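**Student:** Mind looking over this structure? Questions follow.
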Amino acid sequence: MHRKTETPALSEPLSLRQRLIFALLTPLIAILALSSFFDYRLAQKTANQAHDQSLADTVFDLEGHIRRKNSSLPIDLTEEAEAMLRSSTPDMIYFAVINAAGVIVAGDADLPRQPLSKSEKIEFWDGKYRGKAVRIASHYLEAGAQVFQVLVMETTEKRKQASKRILAAMILPNLAVVLATLLAVVLGVRKGLLPLQKVEEDIAARSASDLHEIELAGTPAEIRPMLRRLNELFSLLRESVAIQQRFIADAAHQLRTPLAGLQTQLDLATVEGAFASNQQRHQLIDEATTRIGHLLTQLLAYARTETSSPGKVQFEPVALERLVENSASVFLDAALAKNIDLGFEILPAETSGLPWMIQEALSNLIDNAIRYTPTNGVITVRSGKFGKQAFIEVEDSGPGIPPEHLADVFKRFYRIPGSPGNGCGLGLAIVHEIAELHGAKVELSTPENGGLCVRLLFS
Amino acid sequence: MRILIVEDDLLMAQGLKQGLQQLGYTVDVAGSAEEAGVCVQGESFDIALIDLALPKADGLHFIRHLRASGSHLPALILTASDSMDDTVRGLDAGADDYMTKPYRLPEVAARIRALIRRSHALADACLRHDALALDTRTRTASLNGVALELTNREWAILEMLLMASPAVVSKDKLVQALAGWEKDITPNAIEVHVSRLRQKLAPGAIAIRTIRGIGYRIDAPQN
């Protein structure tokens with residue numbers, strides 16, 4: 001608001017809704033105003049004609065009197081007749097009968113003269129008399145041998161009142177029509193623009209990695225070309241994300257074969273006694289190659305979870321307890337090698353998702369636990385439900401995560417400084433990525449006896 | 001024992017060959033699926049180690065060809081890709097097991113031993129595990145060459161554990177498998193049978209390991 005008043009040049013352009021409302025309302029109101037004006041004119045004309053007719057009746061009444069008196073001039077009207085002629089409350093009626101010589105033979109002497117046409121019809125004008133607006137009726141009359149001009153004037157009080165009534169009777173409904181139209185236009189525009197809002201919500205609800213196409217069905221034809229362009233853009237983005245991820249996957253993939261060759265040669269050299277004089281050197285090389293291998297595996301896993309997210313993924317029912325059970329065989333030997341007691345507490349837990357991805361997340365959690373739990377430790381893997389929410393969790397008796405590092409552990413390649421083992425800092429990042437894709441939460445907590453518990457809570 | 005390695009990467013193939021030769025195997029290397037096809041026609045092998053990414057026809061193609069020709073030669077896939085799709089396709093094509101690169105020689109040797117053992121067990125209907133032997137045709141068991149008396153339930157449990165070794169067998173699976181003999185066998189009853197089995201197997205140094213919360217497993221054989 002402030003910005004608008006301070007720098008009008010930068011004011012926002014009109015919204016589509018405002019444009020539509022302005023574009024519809026301006027002609028609508030103009031049309032209403034014009035039609036009101038012409039209606040009013042027509043109604044007034046009709047009312048005037050009725051009043052003119054009654055004025056004409058007065059003229060004829062007067063002429064009736066003149067004919068009866070015939071040539072006895074000057075014409076004298078009885079008081080009754082005059083009262084009758086003049087009575088037209090709330091208006092005043094004035095009249096004059098003028099003979100051929102231009103002398104007023106009856107009526108109000110100061111009546112302004114009017115031109116006379118010898119028409120059969122009564123003629124009407126608007127005029128002024130004694131400072132008041134009047135309607136003037138003039139008629140050419142032949143009575144016996146004489147000709148007269150009969151003038152009758154009426155003040156316009158009745159007409160004014162009628163005009164006011166007509167105006168009031170017309171303005172109220174017209175105003176109502178204007179208001180109803182206004183409402184209809186505003187509501188109609190809002191309703192008409194509803195599909196736009198839906199599209200907007202669809203796009204706003206996306207996460208950064210969600211690049212699936214906007215569903216065109218049900219969208220208005222007018223915005224479809226724009227949506228198609230957007231979808232094209234989405235698909236271009238998807239492609240470029242996929243190309244990047246594929247590059248990572250390919251690179252990791254391509255590195256694996258020579259690494260396997262290197263490790264085999266290392267094993268052979270060891271058997272042949274190449275490191276007989278320096279066992280520690282062998283151990284360091286061995287650790288380094290193992291670490292590279294782990295990193296490549298994690299990179300591939302990360303690339304796979306990332307590439308799975310852009311499109312819309314098809315979730316299926318997943319029995320988490322099965323995944324937990326499967327991981328027992330996979331990790332038992334690694335745990336035994338460190339004399340770690342790897343145990344399970346398995347309760348049924350059904351959710352929906354991508355089984356291989358959840359398995360990947362679980363594997364990373366168990367792998368991490370085995371890596372960071374010291375020899376003779378305890379690791380327990382659980383599945384179950386909290387109310388309606390299925391979960392899997394891995395609890396270990398390792399060193400845990402110091403509070404100051406909690407915020408960073410989900411970042412790629414983040415390793416807690418000084419932590420043991422040959423991890424690469426991708427494990428929790430992968431778990432986090434997979435959780436996000438499933439709308440699940442990753443919760444870190446410290447068990448009663450220390451260590452770390454990582455829980456994947458599905459919604 | 002004779003091993004066929006189907007691998008186009010020379011460093012990889014030579015390393016594996018030398019390593020396996022040191023373990024006492026006879027090793028032949030084929031650089032392509034076509035070459036491997038020729039090898040298996042003329043010679044007899046105990047196992048084939050197959051890389052999936054080969055020039056021209058890939059490893060899957062070779063495995064399908066092998067199975068189509070009626071061969072039961074154990075096939076171990078060595079792949080640089082660990083995507084679920086690839087492994088499933090490999091197993092569907094008729095491979096017996098797969099390993100993901102990078103792998104270590106001792107692991108490969110262990111898998112080779114397990115596969116050869118399994119194929120021999122299928123061939124002579126005899127499950128062998130170090131000092132233990134289960135003849136599934138005569139339903140007789142022996143430990144250190146001495147006959148071993150087993151009840152029906154103990155036999156069923158031991159057979160399942162040996163077939164699965166070194167994978168873990170859940171108590172639920174054992175309960176299901178034993179329901180044929182005894183309607184309402186409980187997990188507790190399984191524990192009783194397992195503990196009796198442990199006593200009987202003790203002289204052969206064969207351990208049935210308890211996996212807390214899941215079930216049991218017999219470790220991979222020593223040799």
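Labels for the structure tokens follow display order: chains A, B, ..., residues from 1 in each chain, ligands from 1.
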Show me which bits of chain A are within 10 Å of chain B, counting only C-alpha atoms, as a PyMOL selection string.
**Tutor:** chain A and resi 249-250+252-269+271-272+289-290+292-294+296-297+300-301+304+324-330+332-333+341-346+356-357+380-382
**Student:** For Ile93 (chain A), please output as JSON, numbers by chain all residues within 9 Å (counting only C-alpha atoms; exclusion window: fewer than 6 positions along the same chain).
**Tutor:** {"A": [85, 86, 87, 152, 153, 154, 155]}
**Student:** Go ahead and write the selection's residues with C-alpha atoms as a short mmCIF file (atom, residue, chain, number, x, y, z; two decimals), in the first residue's frame.
**Tutor:**
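Produced file result_6.cif, reproduced below:
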```
data_model
loop_
_atom_site.label_atom_id
_atom_site.label_comp_id
_atom_site.auth_asym_id
_atom_site.auth_seq_id
_atom_site.Cartn_x
_atom_site.Cartn_y
_atom_site.Cartn_z
CA LEU A 85 -62.97 25.43 -15.23
CA ARG A 86 -60.27 26.63 -12.88
CA SER A 87 -60.39 23.73 -10.47
CA VAL A 152 -55.90 27.70 -21.48
CA MET A 153 -52.86 27.58 -19.24
CA GLU A 154 -52.14 25.25 -16.41
CA THR A 155 -49.32 25.43 -13.94
#
```
**Student:** Excluding Leu25 (chain A) and residues on its chain fewer than 2 positions from it, collect all residues at most 12 Å away from it, counting only C-alpha atoms, and give them as a compact mmCIF listing (two decimals) with C-alpha atoms, in the first residue's frame.
**Tutor:**
```
# COMPACT_ATOMS: atom_id res chain seq x y z
CA ARG A 17 -10.22 -10.09 -11.78
CA GLN A 18 -10.07 -6.30 -11.64
CA ARG A 19 -9.76 -6.08 -15.40
CA LEU A 20 -12.76 -8.31 -15.93
CA ILE A 21 -14.87 -6.44 -13.40
CA PHE A 22 -13.98 -3.05 -14.92
CA ALA A 23 -14.47 -4.26 -18.45
CA PRO A 27 -20.53 -0.76 -20.29
CA LEU A 28 -23.16 -2.32 -18.05
CA ILE A 29 -23.56 0.85 -16.02
CA ALA A 30 -23.50 3.00 -19.17
CA ILE A 31 -26.22 0.88 -20.75
CA LEU A 32 -28.28 1.02 -17.56
CA ALA A 33 -27.91 4.80 -17.35
CA VAL A 178 -27.27 -2.17 -10.99
CA LEU A 179 -26.49 -3.65 -7.58
CA ALA A 180 -27.65 -7.12 -8.60
CA THR A 181 -25.56 -6.90 -11.77
CA LEU A 182 -22.57 -5.74 -9.77
CA LEU A 183 -22.93 -8.70 -7.44
CA ALA A 184 -23.47 -11.12 -10.32
CA VAL A 185 -20.41 -9.78 -12.13
CA VAL A 186 -18.18 -9.98 -9.05
CA VAL A 189 -15.75 -13.36 -12.26
```
**Student:** In region 106-338 of chain A, what's alpha helix (DSSP H) per DSSP? Answer as a PyMOL selection string?
**Tutor:** chain A and resi 157-192+194-204+224-271+279-308+320-337
**Student:** When DSSP is applied to the backbone of this structure, which of region 27-184 of chain B are assigned strand (DSSP E)? Write them out as a count of residues only.
**Tutor:** 35
**Student:** Between CA of Cys39 (chain B) and CA of Leu66 (chain B), what is the spacing in Å?
**Tutor:**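 CA of Cys39 (chain B) lies 11.3 Å from CA of Leu66 (chain B).
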**Student:** Of the residues A:Ile243, A:Ala337, A:Leu42, A:Val394, which is the one nearest to Ser163 (chain A), using only C-alpha atoms?
**Tutor:**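 The closest residue to Ser163 (chain A) is A:Leu42.
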**Student:** Can you tell me which residues surround Ala141 (chain B) at a distance of at most 10 Å, considering only C-alpha atoms, apart from same-chain residues fewer than 3 positions away, and format the answer as a PyMOL selection string?
**Tutor:** chain B and resi 126-128+132-136+138+145-150+155
**Student:** Write out as a list in words which residues come within 12 Å of Glu35 (chain B) when counting only C-alpha atoms, dropping same-chain ones fewer than 2 positions away.
**Tutor:**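 Residues meeting the cut-off are Leu4, Ile5, Val6, Glu7, Asp8, Asp28, Val29, Ala30, Gly31, Ser32, Ala33, Gly37, Val38, Cys39, Val40, Gln41, Gly42, Leu54, Pro55, Lys56, Ala57, Asp58, Gly59 and Phe62 of chain B.
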**Student:** Please indicate the distance in Å from CA of Ile185 (chain B) to CA of Glu321 (chain A), rounded to one decimal place.
**Tutor:** 22.2 Å
**Student:** As an exercise, work out the distance from CA of Ile122 (chain A) to CA of Pro90 (chain A) in Å and give it to one decimal place.
**Tutor:**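 Separation between CA of Ile122 (chain A) and CA of Pro90 (chain A): 23.2 Å.
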**Student:** Using only C-alpha atoms, can you tell me which of B:Glu34, B:Asp86, B:Glu191, B:Glu154 comes closest to Leu52 (chain B)?
**Tutor:**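 That would be B:Asp86, the residue with the smallest distance to Leu52 (chain B).
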